[in-house]
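Novice: Following this line is data.cif, made up of mmCIF, C-alpha atoms:
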data_coords
loop_
_atom_site.label_atom_id
_atom_site.label_comp_id
_atom_site.auth_asym_id
_atom_site.auth_seq_id
_atom_site.Cartn_x
_atom_site.Cartn_y
_atom_site.Cartn_z
CA MET O 1 99.51 83.15 128.72
CA VAL O 2 101.80 84.57 126.02
CA SER O 3 100.05 86.12 123.00
CA ARG O 4 102.35 86.84 120.08
CA PHE O 5 101.41 89.91 118.05
CA ARG O 6 103.34 91.00 114.95
CA VAL O 7 103.17 94.52 113.56
CA ALA O 8 104.88 95.89 110.47
CA THR O 9 105.39 99.17 108.67
CA PHE O 10 106.25 99.30 104.98
CA ASN O 11 106.76 102.21 102.59
CA LEU O 12 105.75 100.53 99.32
CA LEU O 13 107.15 103.05 96.82
CA HIS O 14 103.85 102.15 95.03
CA GLY O 15 105.14 98.59 94.72
CA MET O 16 108.01 99.46 92.40
CA SER O 17 111.10 97.27 92.13
CA LEU O 18 114.44 99.07 92.05
CA VAL O 19 115.85 96.22 89.98
CA ASP O 20 113.84 96.90 86.82
CA GLY O 21 111.48 99.77 87.73
CA ARG O 22 108.41 97.62 87.20
CA VAL O 23 105.38 97.11 89.44
CA SER O 24 104.26 93.50 89.71
CA VAL O 25 101.18 92.32 91.60
CA THR O 26 102.93 89.00 92.16
CA GLU O 27 105.92 90.69 93.80
CA LEU O 28 103.59 92.85 95.88
CA ARG O 29 101.80 89.73 97.13
CA ASP O 30 105.11 88.02 97.84
CA ALA O 31 106.24 91.03 99.89
CA ALA O 32 103.00 91.10 101.86
CA GLY O 33 103.23 87.38 102.56
CA ALA O 34 106.79 87.77 103.86
CA LEU O 35 105.57 90.28 106.45
CA ALA O 36 103.15 87.74 107.97
CA ALA O 37 101.90 90.49 110.29
CA ASP O 38 98.71 90.91 112.29
CA VAL O 39 98.68 94.64 111.52
CA VAL O 40 100.53 96.44 108.72
CA GLY O 41 100.93 100.18 108.23
CA LEU O 42 101.46 101.10 104.57
CA GLN O 43 102.82 104.28 103.04
CA GLU O 44 103.14 105.46 99.41
CA VAL O 45 100.20 103.29 98.39
CA ASP O 46 98.51 103.42 94.98
CA ARG O 47 94.86 102.95 94.16
CA CYS O 48 93.57 102.80 90.57
CA GLN O 49 96.89 104.12 89.23
CA GLU O 50 97.87 103.07 85.71
CA ARG O 51 101.53 102.87 86.73
CA SER O 52 100.72 100.07 89.19
CA GLY O 53 98.18 98.11 87.16
CA SER O 54 95.10 100.07 88.26
CA ILE O 55 94.71 97.91 91.38
CA ASP O 56 93.92 98.78 94.97
CA GLN O 57 97.26 97.92 96.59
CA ALA O 58 95.95 98.01 100.16
CA GLU O 59 93.18 95.59 99.20
CA VAL O 60 95.68 93.24 97.53
CA ILE O 61 97.85 93.20 100.66
CA ALA O 62 94.81 92.61 102.89
CA ASP O 63 93.71 89.73 100.67
CA THR O 64 97.20 88.20 100.76
CA LEU O 65 97.30 88.34 104.55
CA GLY O 66 93.76 87.06 104.94
CA ALA O 67 92.86 90.33 106.66
CA ARG O 68 89.19 91.28 106.64
CA HIS O 69 89.75 94.76 108.05
CA TRP O 70 91.64 97.37 106.07
CA ARG O 71 91.45 100.95 104.93
CA PHE O 72 93.11 103.09 102.28
CA VAL O 73 92.92 106.86 102.71
CA ALA O 74 94.06 109.12 99.89
CA THR O 75 96.34 112.07 100.48
CA LEU O 76 95.99 113.15 96.86
CA HIS O 77 94.16 112.34 93.65
CA GLY O 78 96.21 112.01 90.47
CA THR O 79 99.77 110.75 90.20
CA PRO O 80 102.49 112.18 92.46
CA GLY O 81 105.65 113.23 90.72
CA ASN O 82 104.05 114.39 87.47
CA GLY O 83 102.78 117.69 88.85
CA VAL O 84 99.14 116.90 88.06
CA TRP O 85 97.34 116.07 91.28
CA ALA O 86 94.77 117.48 93.69
CA VAL O 87 94.57 117.38 97.46
CA ALA O 88 92.25 114.66 98.75
CA THR O 89 89.74 115.40 101.50
CA ASP O 90 87.46 113.37 103.76
CA GLU O 91 84.55 114.30 101.50
CA ASP O 92 86.04 112.42 98.53
CA ALA O 93 84.54 108.98 99.25
CA PRO O 94 82.40 109.06 96.05
CA LEU O 95 85.62 109.36 93.97
CA ALA O 96 86.15 105.62 94.28
CA ASP O 97 87.60 105.04 90.81
CA VAL O 98 89.79 108.14 90.62
CA PRO O 99 93.54 107.39 90.61
CA SER O 100 94.73 108.06 94.15
CA TYR O 101 97.79 107.81 96.36
CA GLY O 102 98.06 107.71 100.12
CA VAL O 103 98.29 105.61 103.26
CA GLY O 104 96.82 102.25 104.23
CA LEU O 105 96.26 100.18 107.36
CA VAL O 106 95.55 96.44 107.26
CA SER O 107 94.46 94.34 110.25
CA ARG O 108 93.81 90.65 110.69
CA ARG O 109 92.10 91.49 113.97
CA PRO O 110 88.66 93.11 114.25
CA VAL O 111 88.58 96.90 114.05
CA HIS O 112 86.07 98.74 116.25
CA ASP O 113 86.72 102.28 115.06
CA TRP O 114 88.65 104.23 112.42
CA ARG O 115 89.99 107.79 112.65
CA VAL O 116 91.93 110.02 110.23
CA LEU O 117 94.11 113.06 110.94
CA ARG O 118 95.18 115.19 107.95
CA PHE O 119 98.05 117.64 107.49
CA PRO O 120 98.57 120.18 104.68
CA ALA O 121 101.68 120.02 102.53
CA ALA O 122 104.63 122.16 103.53
CA PRO O 123 105.01 125.06 101.04
CA ILE O 124 108.61 124.03 100.34
CA THR O 125 110.54 121.99 97.78
CA LEU O 126 113.73 120.20 98.77
CA PRO O 127 116.43 118.31 96.86
CA LEU O 128 115.99 114.59 97.56
CA LEU O 129 117.61 111.44 96.27
CA ALA O 130 115.55 109.76 93.59
CA PRO O 131 114.63 106.11 94.27
CA GLY O 132 117.81 104.13 93.77
CA GLY O 133 119.94 106.95 95.19
CA ARG O 134 121.60 107.92 91.91
CA ARG O 135 120.61 111.57 91.51
CA LEU O 136 119.12 114.54 93.35
CA MET O 137 115.84 116.05 92.29
CA ARG O 138 113.80 118.91 93.75
CA VAL O 139 110.56 117.56 95.16
CA PRO O 140 107.54 119.48 96.49
CA ASP O 141 105.98 118.23 99.70
CA GLU O 142 102.61 116.47 99.64
CA PRO O 143 99.62 116.44 101.97
CA ARG O 144 100.15 113.99 104.83
CA LEU O 145 97.89 111.99 107.12
CA ALA O 146 97.62 109.45 109.89
CA ILE O 147 95.11 106.58 110.11
CA ALA O 148 94.14 105.16 113.50
CA ALA O 149 92.33 101.88 114.10
CA VAL O 150 90.99 100.74 117.45
CA ILE O 151 91.48 96.98 117.20
CA GLU O 152 90.79 93.92 119.31
CA GLY O 153 94.28 93.02 120.46
CA PRO O 154 95.48 89.90 122.26
CA GLY O 155 94.74 91.41 125.67
CA GLY O 156 91.85 93.69 124.76
CA PRO O 157 91.37 96.89 122.73
CA LEU O 158 94.40 98.85 121.58
CA THR O 159 94.99 101.62 119.07
CA VAL O 160 97.27 101.23 116.07
CA ILE O 161 98.19 104.32 114.04
CA THR O 162 100.09 104.54 110.78
CA ALA O 163 101.45 107.70 109.19
CA HIS O 164 103.71 109.03 106.48
CA LEU O 165 105.14 112.35 107.62
CA SER O 166 106.69 115.23 105.72
CA PHE O 167 110.32 115.15 104.64
CA VAL O 168 110.59 118.87 105.48
CA PRO O 169 112.56 119.37 108.73
CA GLY O 170 110.43 120.92 111.45
CA TRP O 171 107.16 120.10 109.72
CA ASN O 172 107.60 116.40 110.43
CA VAL O 173 108.39 117.14 114.09
CA ARG O 174 105.20 119.20 114.48
CA GLN O 175 103.17 116.48 112.76
CA LEU O 176 104.51 113.80 115.08
CA ARG O 177 103.75 115.91 118.15
CA ARG O 178 100.23 116.50 116.86
CA ILE O 179 99.68 112.75 116.34
CA ALA O 180 100.85 111.96 119.87
CA PHE O 181 98.46 114.58 121.27
CA TRP O 182 95.57 113.41 119.04
CA ALA O 183 96.09 109.81 120.13
CA ARG O 184 95.41 110.66 123.79
CA ASP O 185 91.67 110.44 123.10
CA LEU O 186 92.02 106.93 121.65
CA PRO O 187 92.09 103.74 123.76
CA GLY O 188 95.46 102.64 125.08
CA PRO O 189 97.83 101.03 124.81
CA ARG O 190 98.87 102.57 121.50
CA LEU O 191 101.25 101.80 118.65
CA LEU O 192 102.51 104.10 115.91
CA LEU O 193 103.84 102.43 112.75
CA GLY O 194 105.17 104.54 109.93
CA ASP O 195 107.65 106.27 107.72
CA LEU O 196 108.16 109.31 109.90
CA ASN O 197 110.98 110.83 107.82
CA LEU O 198 112.82 111.35 111.10
CA PRO O 199 116.02 109.45 111.81
CA GLY O 200 117.11 107.28 114.68
CA ARG O 201 116.23 108.43 118.18
CA ILE O 202 114.39 111.63 117.24
CA PRO O 203 110.85 110.11 117.11
CA PRO O 204 110.82 108.83 120.72
CA LEU O 205 112.26 112.14 121.93
CA VAL O 206 109.60 114.14 120.07
CA SER O 207 106.61 111.90 120.84
CA ARG O 208 107.70 110.72 124.31
CA TRP O 209 106.64 107.24 123.21
CA THR O 210 108.91 104.19 123.48
CA GLN O 211 111.00 103.16 120.50
CA LEU O 212 110.32 99.44 120.05
CA ALA O 213 112.89 98.80 117.31
CA ARG O 214 116.25 100.42 116.54
CA VAL O 215 117.07 99.12 113.06
CA PRO O 216 118.20 101.02 109.92
CA THR O 217 115.66 100.75 107.10
CA TYR O 218 116.87 103.08 104.33
CA PRO O 219 118.10 102.76 101.64
CA VAL O 220 117.00 99.22 100.94
CA TYR O 221 120.26 97.93 99.42
CA ASP O 222 122.54 99.13 102.26
CA PRO O 223 120.49 100.72 105.05
CA LYS O 224 122.22 103.39 107.12
CA ILE O 225 119.25 105.41 108.44
CA GLN O 226 116.06 104.50 110.23
CA PHE O 227 113.12 106.45 108.82
CA ASP O 228 110.59 103.67 109.50
CA HIS O 229 109.56 103.27 113.13
CA VAL O 230 107.40 101.36 115.59
CA LEU O 231 106.65 103.39 118.72
CA GLY O 232 104.64 102.35 121.77
CA ASP O 233 102.61 104.30 124.30
CA GLY O 234 101.79 101.99 127.20
CA ILE O 235 103.81 99.24 125.49
CA GLY O 236 107.41 99.08 126.66
CA ALA O 237 110.59 97.58 125.28
CA ASP O 238 110.10 94.58 127.56
CA ALA O 239 107.20 93.48 125.31
CA VAL O 240 109.48 93.16 122.26
CA VAL O 241 110.36 89.59 121.31
CA GLY O 242 112.16 90.44 118.09
CA ALA O 243 112.57 93.07 115.38
CA ALA O 244 113.97 93.01 111.87
CA ALA O 245 114.21 95.13 108.72
CA LEU O 246 113.23 92.91 105.78
CA ARG O 247 114.67 93.45 102.32
CA LEU O 248 111.84 92.67 99.93
CA ARG O 249 111.59 92.76 96.15
CA VAL O 250 109.71 96.06 96.08
CA SER O 251 110.43 99.56 97.42
CA ASP O 252 113.48 101.63 98.31
CA HIS O 253 112.80 101.05 102.03
CA ARG O 254 113.10 97.87 104.04
CA ALA O 255 109.96 96.81 105.86
CA LEU O 256 110.20 96.93 109.64
CA VAL O 257 108.56 94.07 111.57
CA VAL O 258 108.28 93.84 115.34
CA ASP O 259 107.06 90.85 117.33
CA LEU O 260 105.41 91.66 120.65
CA ASP O 261 104.15 89.66 123.61
CA LEU O 262 101.05 91.43 124.86
#
Kindly transcribe the structure held in the file into structure tokens.

Specialist:
Amino acid sequence: MVSRFRVATFNLLHGMSLVDGRVSVTELRDAAGALAADVVGLQEVDRCQERSGSIDQAEVIADTLGARHWRFVATLHGTPGNGVWAVATDEDAPLADVPSYGVGLVSRRPVHDWRVLRFPAAPITLPLLAPGGRRLMRVPDEPRLAIAAVIEGPGGPLTVITAHLSFVPGWNVRQLRRIAFWARDLPGPRLLLGDLNLPGRIPPLVSRWTQLARVPTYPVYDPKIQFDHVLGDGIGADAVVGAAALRLRVSDHRALVVDLDL
């Protein structure tokens, strides 16, 4: 029997529209609804940030998708980009109402276990294009992390991981290798969804996992590069029914969705 399973990865850019620079909960919900995914990996997610309406963006997306299982994990407390923030740790759970920024994972299917792997920021600043691609600005790296969920998939348990890796060359490669090694202790098969800040065919070469979609995702208005990836370990390309990069009303990335038969 065929069981269709849709996964997605989406760098939210904290829900900001490049058209007018605003963050709208309505547009965030519309974007989440367009994904229509069973599991969504989220990067650049806000929680309790004034700039995004002081909402929990991962919770809003979970609610839109009718997903009862979700988790937001902060990489930092404060607002990135203004120079006033602190590194988040696993001991920060009591800081529930502190403005935070990080990574989220949302699942419509039951989750049996959650795991988190953290990485320190690279001690380097690099010139990067500002959202919209109009100017270069020097940007310090941030702490990074991966979230893993052991979920009840169509054919039994599987592990889904989402991550947002460093933009610093070399650091992102080491982080991806570490995630692939860390994942060996988690039930297979395995999926990695995320903004890996590594282009094209580099992620499957580094991780030795299978690239399940080869679609440019960045920048949103005319994508030339694929930074957003879906990789499989124990899930091959023959399981892919379709893949697409969706241009939504928020973010400077396109969302990557992949349909699988498992």

Novice: Considering all atoms listed in the file, can you say which of O:Leu212, O:Leu186, O:Val111, O:Leu198 comes closest to O:Ile235?

Specialist: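 Among O:Leu212, O:Leu186, O:Val111, O:Leu198, it is O:Leu212 that comes nearest to O:Ile235.
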
Novice: Please report the interatomic distance between atom CA of O:Asp97 and atom CA of O:Ala31 in Å with one decimal.

Specialist: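 Interatomic distance here is 25.0 Å.
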
Novice: What do you get, as a PyMOL selection string, if you spell out every residue that the PyMOL selection byres ((chain O and resi 220-227) around 7) selects here?

Specialist: chain O and resi 195-200+215-219+228-229+247+252-254

Novice: I'd like the neighbourhood of O:Leu165 as a PyMOL selection string, where a residue qualifies if any of its atoms comes within 9 Å (using all atoms listed in the file), though same-chain residues fewer than 4 positions away should be ignored.

Specialist: chain O and resi 119+143-146+171-173+175-176+194-198

Novice: Mind telling me what the PyMOL selection byres ((chain O and resi 38-46) around 8) catches here, as a ChimeraX atom specification?

Specialist: /O:5-15,36-37,47-49,52,55-58,99-109,161-164,193-195

Novice: Show me, as a list in words, the residues that have an atom within 7 Å of O:Leu65 when counting only C-alpha atoms, minus same-chain residues fewer than 4 positions from it.

Specialist: Ala32, Gly33, Ala36 and Ile61 of chain O

Novice: Go ahead and compute the interatomic distance for atom CA of O:Gly21 and atom CA of O:Gly81, in Å to one decimal.

Specialist: 15.0 Å

Novice: Nearest residue to O:His77 out of O:Arg208, O:His112, O:Thr89, O:Ile124, using all atoms listed in the file?

Specialist: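 Result for the nearest residue to O:His77: O:Thr89.
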
Novice: Residues picked by the PyMOL selection byres ((chain O and resi 150) around 7) here, as a VMD selection string?

Specialist: chain O and resid 111 to 114 148 to 149 151 157 to 160

Novice: With distances taken over only C-alpha atoms, which of O:Val250, O:Leu117, O:Leu260, O:Gly188 is nearest to O:Ser24?

Specialist: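 Counting only C-alpha atoms, the residue closest to O:Ser24 is O:Val250.
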
Novice: Go through O:Glu91, O:Asp141, O:Asp30, O:Thr210 and flag the residue nearest O:Thr64, using all atoms listed in the file for the distances.

Specialist: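 Checking each candidate against O:Thr64, we get O:Asp30 as the closest.
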
Novice: I'd like to know which of O:Ala180, O:Leu246, O:Val257, O:Val168 is closest to O:Ala213, using all atoms listed in the file.

Specialist: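 Of O:Ala180, O:Leu246, O:Val257, O:Val168, the one nearest O:Ala213 is O:Val257, counting all atoms listed in the file.
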
Novice: Would you mind reading off the distance between atom CA of O:Gln211 and atom CA of O:Arg118, one decimal, in Å?

Specialist: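 Answer for the atom CA of O:Gln211 to atom CA of O:Arg118 separation: 23.5 Å.
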
Novice: Quick one: of O:Val258, O:Val116, O:Leu191, O:Ala88, who's nearest to O:Glu142, counting all atoms listed in the file?

Specialist: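 Closest candidate: O:Ala88.
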